[in-house]
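Asker: The following block contains the structure, expressed as structure tokens.
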Amino acid sequence: MPSIHDRIREELLNKERALWTALTSADPAPAVFKLSNPEANFMFPQMEILTLQDEDTFKKALRPPFHRFDGYQFEEVRTIIVDLMAGVVTYKIRAVRGNKEYTATGSTTWSQGSDGEWTIASHSETLL
């Protein structure tokens with residue numbers, strides 16, 4: 001049986017994949033909103049810091065074609081367990097749309113609520 005830390009690492013990586021599946025979808029805002037803690041911060045390249053305080057502003061910032069890619073892959077993934085209810089996933093992301101490639105580093109801090117659900121506390125991307 002895998003250790004608790006191994007299970008947390010697997011769950012956080014699955015959540016990170018769900019985040020990027022949402023970010024690269026035709027309309028990311030509803031899914032990203034659902035994955036997020038109400039206090040979450042998002043730092044995307046060349047954008048102001050986004051929060052969920054104003055749902056309309058958040059949805060407008062992520063409106064299509066935000067991060068619309070044909071596919072993506074993680075490289076150099078590292079999952080850091082802060083404690084049993086918090087962790088950070090760091091990685092390099094490569095995404096493509098047609099002939100254009102997006103390469104960045106990414107980091108998401110996840111926290112687990114009393115209901116056992118992991119939600120985003122903070123997400124950031126830095127273009128390479």
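Starting from 1 in every chain, residues are counted up; chains themselves are A, B, ... following the order of the structure tokens, and ligands are numbered from 1 as listed.
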List every residue of stretch 71-102 of chain A that has an atom at most 8 Å from any atom of stretch 7-15 of chain A, and for each one report the closest atom pair and its distance in Å to one decimal, counting only C-alpha atoms, with rows sorted by chain and then by increasing residue number, as CSV.
Answerer:
```
residue,atom,partner,partner_atom,distance
A:Thr79,CA,A:Arg9,CA,5.9
A:Ile80,CA,A:Arg9,CA,7.7
A:Ile81,CA,A:Arg9,CA,7.3
A:Leu84,CA,A:Ile8,CA,7.8
A:Gly87,CA,A:Leu12,CA,7.5
A:Val89,CA,A:Leu13,CA,7.1
```
Asker: Could you turn the residues from that selection into a file that holds N, CA, C and O atoms, as a PDB file, in the first residue's frame?
Answerer:
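The result, stored in again34.pdb:
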```
ATOM      1  N   THR A  79       6.408  17.473  -6.686  1.00  0.00           N
ATOM      2  CA  THR A  79       5.312  17.692  -5.756  1.00  0.00           C
ATOM      3  C   THR A  79       5.889  17.730  -4.350  1.00  0.00           C
ATOM      4  O   THR A  79       6.541  16.786  -3.910  1.00  0.00           O
ATOM      5  N   ILE A  80       5.650  18.829  -3.676  1.00  0.00           N
ATOM      6  CA  ILE A  80       6.195  19.049  -2.338  1.00  0.00           C
ATOM      7  C   ILE A  80       5.041  18.974  -1.344  1.00  0.00           C
ATOM      8  O   ILE A  80       4.056  19.715  -1.465  1.00  0.00           O
ATOM      9  N   ILE A  81       5.147  18.080  -0.394  1.00  0.00           N
ATOM     10  CA  ILE A  81       4.130  17.955   0.647  1.00  0.00           C
ATOM     11  C   ILE A  81       4.503  18.926   1.764  1.00  0.00           C
ATOM     12  O   ILE A  81       5.562  18.792   2.379  1.00  0.00           O
ATOM     13  N   LEU A  84      -0.082  17.362   5.787  1.00  0.00           N
ATOM     14  CA  LEU A  84      -1.120  16.469   5.283  1.00  0.00           C
ATOM     15  C   LEU A  84      -2.283  17.210   4.619  1.00  0.00           C
ATOM     16  O   LEU A  84      -3.118  16.592   3.971  1.00  0.00           O
ATOM     17  N   GLY A  87       0.050  21.232  -0.163  1.00  0.00           N
ATOM     18  CA  GLY A  87       1.148  20.802  -1.020  1.00  0.00           C
ATOM     19  C   GLY A  87       1.316  21.761  -2.183  1.00  0.00           C
ATOM     20  O   GLY A  87       0.437  22.569  -2.489  1.00  0.00           O
ATOM     21  N   VAL A  89       2.769  21.909  -6.305  1.00  0.00           N
ATOM     22  CA  VAL A  89       3.214  21.202  -7.507  1.00  0.00           C
ATOM     23  C   VAL A  89       3.959  22.220  -8.369  1.00  0.00           C
ATOM     24  O   VAL A  89       3.407  23.278  -8.691  1.00  0.00           O
TER      25      VAL A  89
END
```
Asker: Which polymer residues have any atom within 9 Å of an atom of A:Arg94, counting only C-alpha atoms, with same-chain residues fewer than 2 positions away left out, as a PyMOL selection string?
Answerer: chain A and resi 71-75+92+96+101-105
Asker: Please provide as a PyMOL selection string all residues within 12 Å of A:His123, with the sequence filter that same-chain residues fewer than 5 positions apart are discarded (counting only C-alpha atoms).
Answerer: chain A and resi 16+19-20+23+32+35-37+39-45+49-51+88-91+105-111
Asker: Report the residues of chain A whose backbone DSSP state falls under strand (DSSP E or B), written as a PyMOL selection string.
Answerer: chain A and resi 36-43+50-51+71-83+86-97+100-112+118-127
Asker: Using only C-alpha atoms, which residue out of A:Gln112, A:Pro28, A:Gly98, A:Arg17 lies closest to A:Val82?
Answerer: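 That would be A:Gln112, the residue with the smallest distance to A:Val82.
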Asker: Atom CA of A:Ser124 to atom CA of A:Ser3: how many Å, to one decimal?
Answerer: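 These two atoms are separated by 28.5 Å.
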Asker: Enumerate the residues of stretch 57-98 of chain A with a DSSP assignment of helix (DSSP H, G or I), computed from the backbone, and present them as JSON, numbers by chain.
Answerer: {"A": [57, 58, 59, 60, 61]}
